[in-house]
Amino acid sequence: MQRLPSIVIVTAPTRFQGLVARWGTKGQARFRLNQAASHRASGEQAATQVALSAAVAEADFDRYESEDRQYQSTLDRLRRELDLGFPLTVVERRFLPTYEFRNAMVVVVIGPDGLVANTAKYVGDLPMVGINPDPQRIDGVLLPFDVGQARMAVESVIQQRAHEKRVTMAEAILDDGQRLLAFNDLFVGRRTHVSARYNLNWRQYSESQSSSGVIVATGAGSTGWLSSIFNMARGVNAWTGGEPGKTLKLAWDERALAWVVREPFASRFSQAELVAGMLEYQDELVLESLMPEGGAVFSDGIESDYLEFNSGTTVRIRIADQQARIVVP
């Protein structure tokens, strides 16, 4: 018997759920948060500061609990809105790397924004509908719909009349075939963020380097981690009397990637001439690890989902054939 295609809802644990999972109960989580605030304040000016810190911690906990109630309420309503006669599956973020999306026809992501970026790496060519669970607290750049619009958005996908925004992704491939996609950016370096050693190869150029790692950004990621590197470079240039450079911004669907070496160190054994560039379609940035341990390639800031990049390993970074499909109004 042929299975009906399914609708998948992707969720993330709230901050409140994270606290309760860590400490076991709501009461214990509240106590630990207040205790941590009191310890921070105890070295400062006695009772008044301690009382103030405790009040702030209590307010933080109440806010976390309010966020959780809003998220769970939105999820409950979303389930009802998407009762369209198709199987409905809820998948938590931590199960994304192993979940099989083969029978899904649409993936509904209930924010925050970063969850859309995380999900895009695993869903293949499926369209994604981003739902903002709390518009008062979440900007929702990747979450263009509220829960009241969810049914309409999903129906537009099912009826093949949805409007979509295509997003270029980056791809890292090891010489043994392991592969990792990135919605915003890839990082190649050391997991501990100490100096990384590697050979960098770009087009006809090659260099042995020691740095804080290499960032490769997509158009979607060009306003994130990459922008902070430009901010630093501009500030240093201004401080030393140089001409400030322009911030690089790429369109989300632009078939290009930007790469930057973080804090390259020049020495007898390492160079710092190849520090930035663009990867066009079919270009590759090739890095060969010179690190006996601790080398890693991870994407979108998720260090727990990584490829090992130790001595003897080569990684090739390029524009991925796969593009993310974001449904828009």
# chains A, B, ... in the order shown; residues from 1 in each chain; ligands from 1
$ residues_around --residues "Ile131 (chain A)" --least-positions-apart "4" --cutoff "8 Å" --atoms "only C-alpha atoms" --output "list in words"
Val108, Val109, Ile110, Gly111, Leu143, Pro144, Phe145, Asp146, Val147 and Ala150 of chain A
$ residues_around --residues "Pro329 (chain A)" --least-positions-apart "6" --cutoff "12 Å" --atoms "only C-alpha atoms" --output "PyMOL selection string"
chain A and resi 129-131+142-146+149-150+152-154+156-157+161-165
$ residues_around --residues "Glu92 (chain A)" --least-positions-apart "6" --cutoff "12 Å" --atoms "only C-alpha atoms" --output "list of chain:residue names"
A:Val8, A:Ile9, A:Val10, A:Thr11, A:Ala12, A:Pro13, A:Thr14, A:Thr98, A:Tyr99, A:Val108, A:Val109, A:Ile110, A:Gly111, A:Leu115, A:Asn118, A:Thr119
$ closest_atom_pairs --of "region 83-145 of chain A" --to "region 167-189 of chain A" --cutoff "12 Å" --atoms "only C-alpha atoms" --output "tab-separated table"
residue	atom	partner	partner_atom	distance
A:Pro97	CA	A:Leu180	CA	10.7
A:Asp113	CA	A:Asn184	CA	11.6
A:Gly114	CA	A:Asn184	CA	9.5
A:Leu115	CA	A:Phe183	CA	10.7
A:Val116	CA	A:Phe183	CA	8.8
A:Ala117	CA	A:Phe183	CA	5.4
A:Asn118	CA	A:Phe183	CA	7.4
A:Thr119	CA	A:Phe183	CA	9.0
A:Ala120	CA	A:Phe183	CA	6.7
A:Lys121	CA	A:Leu181	CA	5.5
A:Tyr122	CA	A:Leu181	CA	8.4
A:Val123	CA	A:Leu181	CA	11.0
A:Gly124	CA	A:Leu181	CA	10.4
A:Asp125	CA	A:Val167	CA	11.4
A:Pro127	CA	A:Val167	CA	11.3
A:Met128	CA	A:Val167	CA	11.4
A:Leu142	CA	A:Val167	CA	11.0
$ atom_distance --atom1 "CA of Val141 (chain A)" --atom2 "CA of Ile326 (chain A)"
11.0 Å
$ closest_residue --among "A:Leu290, A:Val194, A:Leu274, A:Ala320" --to "Ala256 (chain A)" --atoms "only C-alpha atoms"
A:Ala320
$ atom_distance --atom1 "CA of Ser6 (chain A)" --atom2 "CA of Gln160 (chain A)"
15.3 Å
$ select_by_dssp --residues "region 43-161 of chain A" --states "helix (DSSP H, G or I)" --output "ChimeraX atom specification"
/A:46-81,93-98,113-120,147-158
$ atom_distance --atom1 "CA of Tyr64 (chain A)" --atom2 "CA of Arg30 (chain A)"
10.4 Å
$ closest_residue --among "A:Arg151, A:Leu4, A:Thr240, A:Pro292" --to "Gly312 (chain A)" --atoms "only C-alpha atoms"
A:Pro292
$ select_by_dssp --residues "region 108-138 of chain A" --states "strand (DSSP E)" --output "mmCIF file with C-alpha atoms, in the first residue's frame"
data_model
loop_
_atom_site.group_PDB
_atom_site.id
_atom_site.type_symbol
_atom_site.label_atom_id
_atom_site.label_comp_id
_atom_site.auth_asym_id
_atom_site.auth_seq_id
_atom_site.Cartn_x
_atom_site.Cartn_y
_atom_site.Cartn_z
ATOM 1 C CA VAL A 108 7.118 23.673 8.116
ATOM 2 C CA VAL A 109 9.661 25.263 10.463
ATOM 3 C CA ILE A 110 8.366 26.948 13.594
ATOM 4 C CA PRO A 127 10.146 23.695 0.079
ATOM 5 C CA MET A 128 10.230 25.176 3.599
ATOM 6 C CA VAL A 129 7.488 27.279 5.202
ATOM 7 C CA GLY A 130 8.817 29.408 8.079
ATOM 8 C CA ILE A 131 6.365 30.219 10.899
#
$ residues_around --residues "Arg234 (chain A)" --least-positions-apart "3" --cutoff "7 Å" --atoms "only C-alpha atoms" --output "list in words"
Phe230, Asn231, Asn237, Ala238, Pro244 and Gly245 of chain A
$ write_last_selection --atoms "C-alpha atoms" --output "PDB file, in the first residue's frame"
ATOM      1  CA  PHE A 230      34.519  43.428   7.778  1.00  0.00           C
ATOM      2  CA  ASN A 231      33.623  45.551  10.797  1.00  0.00           C
ATOM      3  CA  ASN A 237      42.041  50.517   8.942  1.00  0.00           C
ATOM      4  CA  ALA A 238      40.486  53.643  10.433  1.00  0.00           C
ATOM      5  CA  PRO A 244      38.084  51.870   5.078  1.00  0.00           C
ATOM      6  CA  GLY A 245      36.920  49.057   2.822  1.00  0.00           C
TER       7      GLY A 245
END
$ closest_residue --among "A:Leu200, A:Leu88, A:Ile319, A:Ala272" --to "Thr218 (chain A)" --atoms "only C-alpha atoms"
A:Ile319
$ closest_residue --among "A:His193, A:Asp68, A:Asp60, A:Met105" --to "Glu303 (chain A)" --atoms "only C-alpha atoms"
A:His193
$ closest_residue --among "A:Val107, A:Pro135, A:Phe31, A:Ile317" --to "Ser299 (chain A)" --atoms "only C-alpha atoms"
A:Ile317
$ closest_residue --among "A:Tyr71, A:Phe95, A:Phe269, A:Tyr198" --to "Asp305 (chain A)" --atoms "only C-alpha atoms"
A:Phe95
$ decode --residues "region 83-108 of chain A" --atoms "N, CA and C atoms" --output "PDB file, in the first residue's frame"
ATOM      1  N   ASP A  83      -4.304  20.372   9.569  1.00  0.00           N
ATOM      2  CA  ASP A  83      -5.098  19.153   9.436  1.00  0.00           C
ATOM      3  C   ASP A  83      -5.724  19.154   8.043  1.00  0.00           C
ATOM      4  N   LEU A  84      -4.934  18.717   7.075  1.00  0.00           N
ATOM      5  CA  LEU A  84      -5.326  18.799   5.668  1.00  0.00           C
ATOM      6  C   LEU A  84      -5.538  17.422   5.037  1.00  0.00           C
ATOM      7  N   GLY A  85      -5.584  16.399   5.869  1.00  0.00           N
ATOM      8  CA  GLY A  85      -5.807  15.060   5.338  1.00  0.00           C
ATOM      9  C   GLY A  85      -4.531  14.311   5.021  1.00  0.00           C
ATOM     10  N   PHE A  86      -3.379  14.884   5.365  1.00  0.00           N
ATOM     11  CA  PHE A  86      -2.095  14.224   5.147  1.00  0.00           C
ATOM     12  C   PHE A  86      -1.446  13.913   6.495  1.00  0.00           C
ATOM     13  N   PRO A  87      -0.619  12.861   6.567  1.00  0.00           N
ATOM     14  CA  PRO A  87       0.091  12.577   7.813  1.00  0.00           C
ATOM     15  C   PRO A  87       0.919  13.790   8.253  1.00  0.00           C
ATOM     16  N   LEU A  88       0.925  14.050   9.555  1.00  0.00           N
ATOM     17  CA  LEU A  88       1.635  15.196  10.123  1.00  0.00           C
ATOM     18  C   LEU A  88       2.666  14.662  11.117  1.00  0.00           C
ATOM     19  N   THR A  89       3.931  15.007  10.899  1.00  0.00           N
ATOM     20  CA  THR A  89       5.017  14.525  11.754  1.00  0.00           C
ATOM     21  C   THR A  89       5.756  15.712  12.346  1.00  0.00           C
ATOM     22  N   VAL A  90       6.008  15.663  13.652  1.00  0.00           N
ATOM     23  CA  VAL A  90       6.776  16.707  14.324  1.00  0.00           C
ATOM     24  C   VAL A  90       8.180  16.168  14.607  1.00  0.00           C
ATOM     25  N   VAL A  91       9.201  16.899  14.153  1.00  0.00           N
ATOM     26  CA  VAL A  91      10.594  16.486  14.316  1.00  0.00           C
ATOM     27  C   VAL A  91      11.346  17.570  15.082  1.00  0.00           C
ATOM     28  N   GLU A  92      11.997  17.194  16.181  1.00  0.00           N
ATOM     29  CA  GLU A  92      12.787  18.151  16.953  1.00  0.00           C
ATOM     30  C   GLU A  92      14.147  18.348  16.292  1.00  0.00           C
ATOM     31  N   ARG A  93      14.702  19.528  16.454  1.00  0.00           N
ATOM     32  CA  ARG A  93      15.956  19.907  15.783  1.00  0.00           C
ATOM     33  C   ARG A  93      17.062  18.867  15.927  1.00  0.00           C
ATOM     34  N   ARG A  94      17.218  18.272  17.114  1.00  0.00           N
ATOM     35  CA  ARG A  94      18.341  17.359  17.332  1.00  0.00           C
ATOM     36  C   ARG A  94      18.240  16.087  16.491  1.00  0.00           C
ATOM     37  N   PHE A  95      17.052  15.797  15.956  1.00  0.00           N
ATOM     38  CA  PHE A  95      16.890  14.603  15.140  1.00  0.00           C
ATOM     39  C   PHE A  95      17.035  14.876  13.635  1.00  0.00           C
ATOM     40  N   LEU A  96      17.268  16.127  13.259  1.00  0.00           N
ATOM     41  CA  LEU A  96      17.355  16.465  11.838  1.00  0.00           C
ATOM     42  C   LEU A  96      18.424  15.671  11.084  1.00  0.00           C
ATOM     43  N   PRO A  97      19.643  15.501  11.642  1.00  0.00           N
ATOM     44  CA  PRO A  97      20.669  14.798  10.868  1.00  0.00           C
ATOM     45  C   PRO A  97      20.317  13.358  10.512  1.00  0.00           C
ATOM     46  N   THR A  98      19.406  12.723  11.268  1.00  0.00           N
ATOM     47  CA  THR A  98      19.090  11.317  11.011  1.00  0.00           C
ATOM     48  C   THR A  98      17.668  11.089  10.500  1.00  0.00           C
ATOM     49  N   TYR A  99      16.866  12.164  10.421  1.00  0.00           N
ATOM     50  CA  TYR A  99      15.489  11.977   9.982  1.00  0.00           C
ATOM     51  C   TYR A  99      15.433  11.784   8.468  1.00  0.00           C
ATOM     52  N   GLU A 100      14.580  10.882   8.024  1.00  0.00           N
ATOM     53  CA  GLU A 100      14.411  10.599   6.598  1.00  0.00           C
ATOM     54  C   GLU A 100      13.238  11.412   6.040  1.00  0.00           C
ATOM     55  N   PHE A 101      13.552  12.387   5.192  1.00  0.00           N
ATOM     56  CA  PHE A 101      12.534  13.284   4.636  1.00  0.00           C
ATOM     57  C   PHE A 101      11.973  12.781   3.307  1.00  0.00           C
ATOM     58  N   ARG A 102      12.288  11.561   2.940  1.00  0.00           N
ATOM     59  CA  ARG A 102      11.961  11.065   1.597  1.00  0.00           C
ATOM     60  C   ARG A 102      10.476  11.147   1.269  1.00  0.00           C
ATOM     61  N   ASN A 103       9.608  10.902   2.252  1.00  0.00           N
ATOM     62  CA  ASN A 103       8.173  10.871   1.963  1.00  0.00           C
ATOM     63  C   ASN A 103       7.487  12.216   2.223  1.00  0.00           C
ATOM     64  N   ALA A 104       8.265  13.240   2.616  1.00  0.00           N
ATOM     65  CA  ALA A 104       7.671  14.550   2.906  1.00  0.00           C
ATOM     66  C   ALA A 104       7.440  15.328   1.613  1.00  0.00           C
ATOM     67  N   MET A 105       6.428  16.216   1.631  1.00  0.00           N
ATOM     68  CA  MET A 105       6.195  17.084   0.477  1.00  0.00           C
ATOM     69  C   MET A 105       6.428  18.548   0.826  1.00  0.00           C
ATOM     70  N   VAL A 106       6.411  18.891   2.122  1.00  0.00           N
ATOM     71  CA  VAL A 106       6.675  20.249   2.554  1.00  0.00           C
ATOM     72  C   VAL A 106       7.169  20.191   3.993  1.00  0.00           C
ATOM     73  N   VAL A 107       8.081  21.092   4.345  1.00  0.00           N
ATOM     74  CA  VAL A 107       8.631  21.153   5.696  1.00  0.00           C
ATOM     75  C   VAL A 107       8.251  22.501   6.294  1.00  0.00           C
ATOM     76  N   VAL A 108       7.556  22.463   7.424  1.00  0.00           N
ATOM     77  CA  VAL A 108       7.118  23.673   8.116  1.00  0.00           C
ATOM     78  C   VAL A 108       8.028  23.861   9.330  1.00  0.00           C
TER      79      VAL A 108
END
